[in-house]
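Trainee: Pasting data-v1.txt below, which is compact mmCIF, C-alpha atoms and all ligand atoms.
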```
# COMPACT_ATOMS: atom_id res chain seq x y z
CA MET D 1 68.17 118.21 90.25
CA CYS D 2 69.22 115.06 92.03
CA CYS D 3 68.16 114.99 95.66
CA VAL D 4 71.59 113.74 96.71
CA VAL D 5 72.37 117.43 96.58
CA GLY D 6 69.48 118.23 98.87
CA ARG D 7 70.52 115.69 101.47
CA PHE D 8 74.08 116.96 101.49
CA ASN D 9 72.96 120.47 102.05
CA GLU D 10 70.94 119.27 105.02
CA GLY D 11 74.25 118.24 106.57
CA SER D 12 73.59 114.53 106.23
CA VAL D 13 76.02 111.78 105.24
CA ARG D 14 77.23 110.84 101.76
CA PRO D 15 75.73 107.87 99.93
CA LEU D 16 76.94 104.31 100.29
CA ILE D 17 76.80 102.32 97.08
CA ALA D 18 77.29 98.66 97.90
CA GLY D 19 77.39 95.67 95.56
CA ASN D 20 76.29 92.21 96.65
CA TRP D 21 77.78 89.51 94.44
CA LYS D 22 75.76 86.80 96.25
CA MET D 23 77.06 83.32 95.36
CA ASN D 24 78.84 84.55 92.25
CA GLY D 25 82.49 85.25 91.70
CA LEU D 26 85.59 83.31 90.71
CA SER D 27 89.11 84.64 90.51
CA SER D 28 88.54 85.16 86.78
CA GLN D 29 86.01 87.89 87.72
CA LEU D 30 88.42 89.95 89.80
CA GLY D 31 88.97 92.10 86.72
CA GLU D 32 85.52 93.59 87.39
CA ILE D 33 86.72 94.80 90.80
CA GLU D 34 89.89 96.20 89.23
CA ALA D 35 87.81 98.05 86.63
CA ILE D 36 85.46 99.51 89.26
CA ALA D 37 88.43 100.55 91.41
CA ALA D 38 90.12 102.20 88.43
CA SER D 39 87.00 104.12 87.55
CA VAL D 40 86.57 105.24 91.17
CA ALA D 41 90.19 106.44 91.17
CA ALA D 42 89.59 108.37 87.96
CA THR D 43 86.26 109.96 88.86
CA ARG D 44 86.66 110.11 92.67
CA PRO D 45 82.93 110.00 93.47
CA ILE D 46 82.21 111.22 96.98
CA ALA D 47 79.98 108.18 97.52
CA GLU D 48 81.47 105.37 99.56
CA ILE D 49 81.85 102.30 97.35
CA LEU D 50 81.79 98.73 98.59
CA ILE D 51 81.60 95.33 96.92
CA CYS D 52 80.58 92.35 99.04
CA THR D 53 82.11 89.28 97.46
CA PRO D 54 81.87 85.62 98.48
CA ALA D 55 84.22 84.97 101.43
CA THR D 56 86.52 82.95 99.18
CA LEU D 57 87.35 86.04 97.13
CA ILE D 58 87.70 88.68 99.84
CA ALA D 59 91.48 88.59 100.24
CA ARG D 60 92.12 88.71 96.50
CA ALA D 61 89.39 91.28 95.91
CA VAL D 62 91.08 93.51 98.49
CA GLN D 63 94.26 93.33 96.40
CA SER D 64 92.33 94.12 93.22
CA ALA D 65 90.57 97.03 94.91
CA ALA D 66 93.95 98.58 95.81
CA GLY D 67 92.40 100.58 98.64
CA ARG D 68 90.14 102.46 96.23
CA ILE D 69 86.92 100.73 97.17
CA GLY D 70 85.94 98.69 100.21
CA ILE D 71 85.46 94.93 100.12
CA GLY D 72 82.87 93.29 102.35
CA GLY D 73 81.45 89.90 103.26
CA GLN D 74 77.85 88.72 102.82
CA ASP D 75 77.28 86.98 106.14
CA CYS D 76 79.16 86.01 109.28
CA HIS D 77 78.69 83.65 112.19
CA ALA D 78 77.89 85.20 115.57
CA ALA D 79 80.62 83.22 117.35
CA VAL D 80 84.31 84.06 117.26
CA CYS D 81 85.35 80.47 116.51
CA GLY D 82 84.22 76.92 117.27
CA PRO D 83 82.56 73.81 115.88
CA PHE D 84 80.62 75.48 113.06
CA THR D 85 81.89 73.68 109.97
CA GLY D 86 81.65 75.78 106.87
CA ASP D 87 80.93 79.06 108.65
CA PHE D 88 83.06 82.20 108.87
CA SER D 89 83.37 84.45 111.88
CA ALA D 90 83.39 88.24 111.62
CA GLN D 91 87.04 88.20 112.72
CA MET D 92 87.87 85.89 109.82
CA LEU D 93 86.29 88.29 107.34
CA LYS D 94 88.16 91.19 108.91
CA ASP D 95 91.36 89.16 108.84
CA ALA D 96 90.83 88.52 105.13
CA GLY D 97 90.61 92.28 104.58
CA ALA D 98 86.85 92.95 104.68
CA CYS D 99 85.72 96.30 106.07
CA SER D 100 82.00 95.58 106.13
CA VAL D 101 79.51 92.72 106.16
CA ILE D 102 75.88 92.25 105.13
CA VAL D 103 73.71 90.62 107.80
CA GLY D 104 70.09 89.50 107.62
CA HIS D 105 69.87 89.44 103.83
CA SER D 106 66.43 88.06 102.94
CA GLU D 107 68.04 85.14 101.11
CA ARG D 108 69.70 84.10 104.39
CA ARG D 109 66.51 84.69 106.35
CA GLN D 110 64.57 82.58 103.80
CA HIS D 111 66.98 79.77 102.93
CA HIS D 112 68.86 79.47 106.23
CA GLY D 113 66.04 80.18 108.65
CA GLU D 114 67.80 83.20 110.14
CA THR D 115 65.67 84.89 112.78
CA ASP D 116 65.86 88.50 113.95
CA ALA D 117 67.70 87.33 117.08
CA MET D 118 70.31 85.53 114.99
CA VAL D 119 70.75 88.58 112.79
CA ALA D 120 71.19 90.78 115.87
CA ALA D 121 73.87 88.44 117.23
CA LYS D 122 75.69 88.56 113.90
CA ALA D 123 75.56 92.35 113.79
CA SER D 124 76.99 92.58 117.31
CA ALA D 125 79.76 90.12 116.42
CA ALA D 126 80.60 92.14 113.33
CA TRP D 127 80.87 95.38 115.31
CA ARG D 128 83.08 93.67 117.88
CA ALA D 129 85.36 92.58 115.05
CA GLY D 130 85.55 96.17 113.81
CA LEU D 131 83.37 95.62 110.73
CA HIS D 132 80.78 98.02 109.37
CA VAL D 133 77.37 96.34 109.14
CA ILE D 134 74.71 96.53 106.42
CA LEU D 135 71.58 95.17 108.07
CA CYS D 136 68.85 94.11 105.64
CA ILE D 137 65.12 94.24 106.21
CA GLY D 138 62.17 93.95 103.83
CA GLU D 139 58.67 92.61 103.37
CA THR D 140 57.28 89.90 101.07
CA GLN D 141 54.76 90.64 98.35
CA ALA D 142 51.99 89.02 100.44
CA GLN D 143 52.84 91.17 103.47
CA ARG D 144 52.72 94.29 101.29
CA ALA D 145 49.42 93.21 99.79
CA ASP D 146 48.07 92.75 103.34
CA GLY D 147 49.09 96.32 104.22
CA LYS D 148 51.75 95.08 106.64
CA ALA D 149 54.93 96.32 104.94
CA LEU D 150 55.63 99.10 107.46
CA SER D 151 54.93 96.99 110.54
CA VAL D 152 56.99 94.04 109.23
CA CYS D 153 60.02 96.27 108.63
CA GLY D 154 59.52 98.07 111.96
CA ASP D 155 59.46 94.71 113.75
CA GLN D 156 62.60 93.59 111.92
CA ILE D 157 64.42 96.71 113.05
CA ALA D 158 63.25 96.19 116.63
CA GLY D 159 64.37 92.55 116.60
CA SER D 160 67.54 92.57 114.54
CA LEU D 161 69.24 95.88 115.30
CA PRO D 162 71.20 95.38 118.52
CA GLU D 163 71.78 98.00 121.21
CA GLY D 164 74.74 100.28 120.61
CA ALA D 165 74.27 100.89 116.89
CA THR D 166 76.20 103.89 115.60
CA SER D 167 75.82 105.63 112.28
CA SER D 168 79.48 105.14 111.37
CA ALA D 169 79.31 101.37 111.89
CA THR D 170 75.80 100.68 110.58
CA ALA D 171 73.63 101.08 107.49
CA LEU D 172 70.08 99.75 107.13
CA ALA D 173 69.13 98.30 103.74
CA TYR D 174 65.46 98.25 102.82
CA GLU D 175 65.08 95.41 100.34
CA PRO D 176 61.51 94.37 99.52
CA LEU D 177 61.77 90.65 98.76
CA TRP D 178 59.57 90.97 95.70
CA ALA D 179 61.99 93.47 94.15
CA ILE D 180 65.18 91.44 94.58
CA GLY D 181 66.37 90.03 91.26
CA THR D 182 62.93 90.44 89.69
CA GLY D 183 63.30 93.67 87.74
CA GLN D 184 60.33 95.06 89.72
CA THR D 185 60.80 98.09 91.95
CA PRO D 186 58.44 99.80 94.39
CA THR D 187 56.95 103.11 93.32
CA ALA D 188 58.75 106.26 94.42
CA GLU D 189 55.93 106.88 96.93
CA GLN D 190 56.38 103.41 98.43
CA ILE D 191 60.14 103.92 98.84
CA VAL D 192 59.66 107.38 100.35
CA GLU D 193 57.01 106.12 102.77
CA MET D 194 59.14 103.16 103.87
CA HIS D 195 62.38 105.12 104.25
CA ALA D 196 60.58 107.78 106.31
CA HIS D 197 59.18 105.02 108.51
CA ILE D 198 62.64 103.44 108.93
CA ARG D 199 64.10 106.83 109.83
CA GLN D 200 61.41 107.29 112.46
CA CYS D 201 62.13 103.82 113.92
CA LEU D 202 65.86 104.60 114.00
CA GLU D 203 65.34 107.94 115.72
CA LEU D 204 63.01 106.45 118.29
CA ARG D 205 65.54 103.74 118.95
CA LEU D 206 68.85 105.64 118.74
CA GLY D 207 67.89 109.25 119.32
CA GLU D 208 70.19 111.77 117.62
CA GLU D 209 72.42 108.98 116.28
CA GLY D 210 69.45 107.52 114.38
CA ARG D 211 69.34 110.62 112.19
CA SER D 212 72.57 109.87 110.41
CA VAL D 213 72.35 106.10 109.94
CA ARG D 214 72.29 105.60 106.17
CA ILE D 215 69.20 103.88 104.78
CA LEU D 216 69.97 102.10 101.53
CA TYR D 217 67.43 100.94 99.01
CA GLY D 218 67.97 97.50 97.42
CA GLY D 219 66.04 95.56 94.80
CA SER D 220 66.58 95.68 91.02
CA VAL D 221 68.62 98.90 91.07
CA LYS D 222 70.28 99.43 87.70
CA PRO D 223 71.80 102.33 85.74
CA SER D 224 68.43 103.21 84.21
CA ASN D 225 66.59 103.68 87.54
CA ALA D 226 69.41 104.56 89.97
CA ARG D 227 69.20 108.30 89.50
CA GLU D 228 65.49 108.41 90.26
CA ILE D 229 65.80 106.14 93.31
CA LEU D 230 68.88 107.83 94.75
CA ALA D 231 67.15 111.18 94.38
CA LEU D 232 64.40 110.24 96.84
CA PRO D 233 64.37 111.69 100.36
CA GLU D 234 66.04 109.52 103.00
CA VAL D 235 67.66 107.25 100.42
CA GLY D 236 71.27 107.21 101.56
CA GLY D 237 72.59 104.81 98.95
CA ALA D 238 71.86 101.47 97.37
CA LEU D 239 72.51 97.77 97.82
CA ILE D 240 72.89 96.30 94.38
CA GLY D 241 72.90 92.63 93.43
CA GLY D 242 72.85 91.73 89.73
CA ALA D 243 74.05 95.12 88.47
CA SER D 244 77.17 94.98 90.65
CA LEU D 245 78.57 91.92 88.88
CA LYS D 246 79.61 93.81 85.77
CA ALA D 247 81.83 96.86 86.09
CA ASP D 248 80.01 98.58 83.21
CA ASP D 249 76.62 98.36 84.95
CA PHE D 250 77.99 99.30 88.35
CA GLU D 251 79.89 102.25 86.91
CA GLY D 252 76.67 103.39 85.25
CA ILE D 253 75.13 103.61 88.72
CA LEU D 254 78.20 105.36 90.14
CA ARG D 255 78.02 107.95 87.36
CA THR D 256 74.51 108.74 88.55
CA VAL D 257 75.86 109.51 92.00
CA SER D 258 78.78 111.54 90.62
CA LEU D 259 76.37 113.73 88.67
CA GLY D 260 74.60 114.66 91.88
CA ILE D 261 77.88 115.24 93.66
CA ASP D 262 79.25 117.49 90.94
CA ALA D 263 76.11 119.58 91.14
CA LEU D 264 76.53 119.69 94.90
CA ARG D 265 80.10 120.91 94.63
CA VAL D 266 79.10 123.75 92.35
CA GLU D 267 76.27 124.68 94.70
CA GLN D 268 78.51 124.58 97.75
CA ARG D 269 81.14 126.71 96.09
CA THR D 270 78.53 129.31 95.18
CA ASP D 271 76.88 129.51 98.59
CA GLY D 272 80.20 129.10 100.42
CA ASN D 273 78.63 126.56 102.74
CA CYS D 274 81.16 123.74 102.34
CA MET D 275 81.04 121.01 104.97
CA THR D 276 84.14 118.90 105.36
CA ARG D 277 83.86 115.13 105.64
CA VAL D 278 86.46 114.12 108.17
CA GLY D 279 87.84 110.67 108.98
CA ILE D 280 89.13 109.89 112.46
CA ALA D 281 91.06 106.92 113.87
CA SER D 282 93.02 106.01 116.96
CA ASP D 283 94.46 103.10 118.85
CA HIS D 284 94.09 102.79 122.63
CA GLY D 285 96.52 105.68 123.23
CA GLY D 286 94.12 108.26 121.81
CA PHE D 287 90.87 106.38 122.23
CA ALA D 288 89.39 108.63 124.94
CA LEU D 289 90.39 111.74 123.00
CA LYS D 290 88.81 110.31 119.82
CA VAL D 291 85.47 109.77 121.55
CA THR D 292 85.37 113.37 122.79
CA ILE D 293 86.66 114.92 119.57
CA THR D 294 84.19 112.97 117.44
CA ARG D 295 81.30 114.20 119.54
CA SER D 296 82.52 117.80 119.44
CA LEU D 297 83.17 117.83 115.69
CA ARG D 298 79.73 116.39 114.99
CA SER D 299 78.09 118.97 117.19
CA LEU D 300 79.99 121.63 115.24
CA GLY D 301 78.36 120.29 112.06
CA TYR D 302 81.19 118.23 110.59
CA GLU D 303 80.48 114.85 109.09
CA VAL D 304 82.83 112.46 110.91
CA VAL D 305 83.60 108.93 109.74
CA ASP D 306 85.08 106.77 112.47
CA TYR D 307 87.70 104.22 111.34
CA GLY D 308 88.09 102.72 114.83
CA ALA D 309 89.09 101.59 117.33
CA TYR D 310 85.46 101.12 118.31
CA GLN D 311 86.27 100.03 121.82
CA LEU D 312 89.15 100.53 124.21
CA ASN D 313 91.61 97.67 123.90
CA PRO D 314 95.01 98.26 125.53
CA ALA D 315 96.54 95.59 123.29
CA ASP D 316 95.64 97.21 119.95
CA ASP D 317 98.09 99.24 117.90
CA TYR D 318 97.94 102.25 115.62
CA PRO D 319 98.63 100.70 112.15
CA GLU D 320 95.35 98.73 112.37
CA PHE D 321 93.29 101.95 112.39
CA ILE D 322 95.55 104.65 111.00
CA ILE D 323 96.32 102.86 107.71
CA PRO D 324 92.60 102.43 106.74
CA LEU D 325 92.03 106.09 107.66
CA ALA D 326 95.02 107.19 105.57
CA LYS D 327 93.79 105.11 102.61
CA ALA D 328 90.36 106.70 102.93
CA VAL D 329 91.97 110.15 102.74
CA ALA D 330 94.18 109.10 99.82
CA THR D 331 91.21 107.79 97.84
CA GLY D 332 88.96 110.75 98.59
CA GLN D 333 86.48 108.80 100.72
CA VAL D 334 87.04 111.50 103.31
CA GLU D 335 88.52 114.91 102.62
CA ARG D 336 90.82 115.14 105.65
CA GLY D 337 91.92 112.84 108.45
CA VAL D 338 92.52 113.09 112.18
CA ALA D 339 94.97 110.40 113.34
CA LEU D 340 95.58 109.78 117.03
CA CYS D 341 97.78 107.55 119.14
CA GLY D 342 99.53 108.08 122.48
CA SER D 343 102.08 110.62 121.22
CA GLY D 344 100.82 111.07 117.64
CA VAL D 345 104.25 110.00 116.35
CA GLY D 346 103.32 106.44 115.37
CA ALA D 347 100.12 107.69 113.72
CA SER D 348 102.14 110.14 111.66
CA ILE D 349 104.70 107.52 110.62
CA ALA D 350 102.00 105.06 109.54
CA ALA D 351 99.86 107.64 107.70
CA ASN D 352 102.81 109.03 105.76
CA LYS D 353 103.58 105.60 104.28
CA VAL D 354 100.33 105.73 102.30
CA PRO D 355 100.81 107.42 98.90
CA ASN D 356 99.07 110.79 98.57
CA VAL D 357 98.90 111.25 102.33
CA ARG D 358 100.70 114.22 103.86
CA ALA D 359 100.42 113.87 107.62
CA GLY D 360 101.83 116.25 110.23
CA LEU D 361 102.23 115.94 113.99
CA ILE D 362 100.76 119.22 115.18
CA HIS D 363 100.99 121.10 118.47
CA ASP D 364 100.28 124.71 117.49
CA ASP D 365 97.82 126.75 115.41
CA PHE D 366 100.50 128.15 113.14
CA SER D 367 101.54 124.68 111.93
CA ALA D 368 97.93 123.47 111.79
CA ARG D 369 97.21 126.24 109.25
CA GLN D 370 100.51 126.54 107.46
CA GLY D 371 100.86 122.78 107.06
CA VAL D 372 97.76 122.91 104.83
CA GLU D 373 98.44 126.22 103.08
CA ASP D 374 102.04 125.48 102.12
CA ASP D 375 102.27 121.67 102.18
CA ASP D 376 98.70 120.53 101.46
CA MET D 377 98.69 118.53 104.71
CA ASN D 378 95.64 116.24 104.62
CA VAL D 379 96.03 114.36 107.92
CA ILE D 380 96.55 115.96 111.31
CA CYS D 381 98.21 113.77 113.96
CA LEU D 382 97.75 114.43 117.66
CA GLY D 383 98.95 112.75 120.82
CA GLY D 384 96.10 111.40 122.91
CA LYS D 385 98.24 111.54 126.03
CA LEU D 386 99.46 115.08 125.39
CA VAL D 387 96.63 117.26 124.11
CA GLU D 388 93.47 118.21 125.96
CA ALA D 389 90.21 117.65 124.10
CA ALA D 390 89.22 121.33 123.80
CA ARG D 391 92.68 122.26 122.51
CA ALA D 392 92.64 119.32 120.09
CA VAL D 393 89.33 120.51 118.63
CA GLU D 394 90.76 124.03 118.17
CA LEU D 395 93.78 122.65 116.32
CA ILE D 396 91.58 120.41 114.17
CA GLU D 397 89.24 123.29 113.28
CA THR D 398 92.22 125.42 112.25
CA PHE D 399 93.47 122.54 110.11
CA LEU D 400 90.04 121.93 108.54
CA SER D 401 89.41 125.56 107.70
CA ALA D 402 92.76 126.05 105.96
CA ARG D 403 93.17 125.60 102.18
CA PHE D 404 96.25 124.79 100.09
CA SER D 405 97.66 127.95 98.50
CA GLY D 406 98.33 126.31 95.12
CA ALA D 407 101.35 128.64 94.71
CA ALA D 408 103.91 127.46 92.12
CA ARG D 409 106.60 127.06 94.81
CA HIS D 410 104.31 124.89 96.92
CA GLN D 411 103.17 122.84 93.93
CA ARG D 412 106.80 122.26 92.95
CA ARG D 413 107.88 121.00 96.35
CA LEU D 414 104.89 118.69 96.49
CA SER D 415 105.62 117.21 93.07
CA GLU D 416 109.17 116.50 94.21
CA VAL D 417 107.84 114.68 97.27
CA GLN D 418 105.22 112.90 95.17
CA ALA D 419 107.88 111.68 92.73
CA LEU D 420 109.33 109.64 95.59
CA GLU D 421 106.10 107.68 95.77
CA HIS D 422 106.69 106.39 92.25
CA GLU D 423 110.38 105.59 92.72
CA ASP D 424 111.40 101.92 92.94
CA THR D 425 113.07 101.33 96.27
C1 LIG D 501 70.45 91.99 96.59
O1 LIG D 501 70.91 90.90 96.34
O2 LIG D 501 70.60 92.46 97.73
C2 LIG D 501 69.77 92.73 95.52
C3 LIG D 501 69.25 93.90 95.79
O3 LIG D 501 69.72 92.13 94.29
P1 LIG D 501 69.25 92.81 92.88
O4 LIG D 501 69.89 94.15 92.78
O5 LIG D 501 69.78 91.86 91.83
O6 LIG D 501 67.77 92.89 92.91
```
Please express the file's structure as structure tokens.
Mentor:
Amino acid sequence: MCCVVGRFNEGSVRPLIAGNWKMNGLSSQLGEIEAIAASVAATRPIAEILICTPATLIARAVQSAAGRIGIGGQDCHAAVCGPFTGDFSAQMLKDAGACSVIVGHSERRQHHGETDAMVAAKASAAWRAGLHVILCIGETQAQRADGKALSVCGDQIAGSLPEGATSSATALAYEPLWAIGTGQTPTAEQIVEMHAHIRQCLELRLGEEGRSVRILYGGSVKPSNAREILALPEVGGALIGGASLKADDFEGILRTVSLGIDALRVEQRTDGNCMTRVGIASDHGGFALKVTITRSLRSLGYEVVDYGAYQLNPADDYPEFIIPLAKAVATGQVERGVALCGSGVGASIAANKVPNVRAGLIHDDFSARQGVEDDDMNVICLGGKLVEAARAVELIETFLSARFSGAARHQRRLSEVQALEHEDT
């Protein structure tokens, strides 16, 4: 059985399957993104799906993705703006609609002379802009032949992963240079050894947080080898170049992940040990509450995905964070959402505008439970200025443990509400 199942049962995070289009992609290829997004909508794999397009395509790719998959960039400049002709800042990528960015890809390190320090500066800039970061490391064939693969990758982590890395904003991608675009892949033993080493480096560096940073494997992943690679311990997903350019190939890889997930679901239902993957987001009004709640929920064993804000900024506003969270709930990237702002009202208004989201502003246990049982509520909204952290966690736990009744009366009312989402206004 696929080891994706094993990792889930260990309470770890779900896989990230990311495509890297490199310097490929014209508007005529946006149909590939549409096809991938449609297949994700149909199969709803639990894996998080991302395609990193050239910067020129990001805004249109976001439209084609229709909120079903994430769109990322492939590089960013470390500065916010300035005299850097031809470069793009992390803010610009975010502004174009990207949610993530690759930094330190070996092709940038090789062809653009990017050093670990430059990669670290880019990663920090990306976090500041609110982007998730995929940080690439990997050894050359000569370094592997010299027995230096582990030390090279360890040094790259030490030099290019900045302070303050969190698992929700960071993934590490192990990409041996000799495997990229060559059709060659390391042996299973080599991948296992390297990923265990990376995990150790991350734990030494980040403590507890280092345990849940996803470690992706990249280098000639294709439908025929994805299942075997994704089944290996500590492989938390894949970074895929060539095979992400064609929807058929990429979907072949996604099917591999879905197979593991389906098996997981059956297993969880039978042993009753179902862990909920929860998304959380807030603007400045609920920022402090979000920090405390996230910590508490994680210590209670929930997998929590943070959609920002990542730092306190009194000038930010709820739509920036609540809408991505609501879309993640609507597309199944997370099972339920916790949306915060000062009063919880704005968060609830914004979340309810996203089709398939049923958000409720909750103050009491009865509504936290009944909102799910009778109305299939999938986002709980709380006021950061009104609810104490311990009470908020109680309400959230009640909400997370409740299940929709499925009763005919409740189904009927929901279909009437859902019909509105398809009405022309
Ligand atoms: C990559 O570009 O990061 C990559 C892994 O490429 P490929 O899958 O084509 O080897």
Trainee: Can you tell me which residues surround D:Asp248 at a distance of at most 10 Å, considering all atoms listed in the file, apart from same-chain residues fewer than 6 positions away, and format the answer as a ChimeraX atom specification?
Mentor: /D:32,35-36,39,223,254
Trainee: Give as a compact mmCIF listing (two decimals) with C-alpha atoms, keeping the file's coordinate frame the residues surrounding ligand LIG 501 (chain D) up to a distance of 6 Å, considering all atoms listed in the file.
Mentor:
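Just written: pocket_37.txt:
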```txt
# COMPACT_ATOMS: atom_id res chain seq x y z
CA ASN D 20 76.29 92.21 96.65
CA ALA D 179 61.99 93.47 94.15
CA ILE D 180 65.18 91.44 94.58
CA GLY D 181 66.37 90.03 91.26
CA GLY D 218 67.97 97.50 97.42
CA GLY D 219 66.04 95.56 94.80
CA SER D 220 66.58 95.68 91.02
CA VAL D 221 68.62 98.90 91.07
CA LEU D 239 72.51 97.77 97.82
CA ILE D 240 72.89 96.30 94.38
CA GLY D 241 72.90 92.63 93.43
CA GLY D 242 72.85 91.73 89.73
```
Trainee: Skipping near chain neighbours, those fewer than 5 positions away, what residues fall within 7 Å of D:Asp75 using all atoms listed in the file, listed as a VMD selection string?
Mentor: chain D and resid 101 to 103
Trainee: Within 9 Å of D:Cys99, counting all atoms listed in the file, which residues show up once you throw out same-chain ones fewer than 4 positions away? Write them as a PyMOL selection string, please.
Mentor: chain D and resi 50+70-73+93-94+130-133
Trainee: Closest to D:Leu177 among D:Arg403, D:Arg391, D:Arg412, D:His105, using all atoms listed in the file?
Mentor: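 With all atoms listed in the file as the atom set, the closest residue is D:His105.
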Trainee: When distances are computed from all atoms listed in the file, which of D:Ala328, D:Ala288, D:Cys81, D:Leu216 shows the smallest separation from D:Val192?
Mentor: D:Leu216
Trainee: Using all atoms listed in the file, what residues lie at most 10 Å away from (86.0, 90.2, 115.1) (file coordinates), given as a PyMOL selection string?
Mentor: chain D and resi 76+78-81+89-95+124-131
Trainee: For D:Glu163, which of D:Gly183, D:Ala123, D:Ala281, D:Gly31 is the closest residue, counting all atoms listed in the file?
Mentor: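 Among the listed residues, the smallest separation from D:Glu163 belongs to D:Ala123.
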Trainee: Which of these, D:Leu297, D:Met118, D:Leu172, D:Ala359, has the shortest distance to D:Leu135 once you count only C-alpha atoms?
Mentor: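 Smallest separation from D:Leu135 among the options: D:Leu172.
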Trainee: Need the shell around stretch 150-153 of chain D: protein/DNA/RNA residues with any atom at most 9 Å away, counting only C-alpha atoms. Skip same-chain ones fewer than 5 positions apart. Format as a ChimeraX atom specification?
Mentor: /D:137-139,143-144,158,174,193-194,197-198
Trainee: Between atom CA of D:Ile191 and atom CA of D:Ala117, what distance in Å does the model show, to one decimal?
Mentor: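 Rounded to one decimal, the two atoms are 25.8 Å apart.
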Trainee: Taking into account all atoms listed in the file, which residue in the set D:Glu394, D:Asp155, D:Ala243, D:Pro233 is nearest to D:Cys201?
Mentor: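 Answer, going by the shortest atom-to-atom distance: D:Asp155.
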Trainee: Which residues come within 12 Å of stretch 202-206 of chain D, counting only C-alpha atoms, excluding same-chain residues fewer than 4 positions away, as a ChimeraX atom specification?
Mentor: /D:153-159,161-167,170-172,195-198,210-215
Trainee: Provide the atom CA of D:Glu303 to atom CA of D:Arg336 distance in Å, to one decimal place.
Mentor: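 These two atoms are separated by 10.9 Å.
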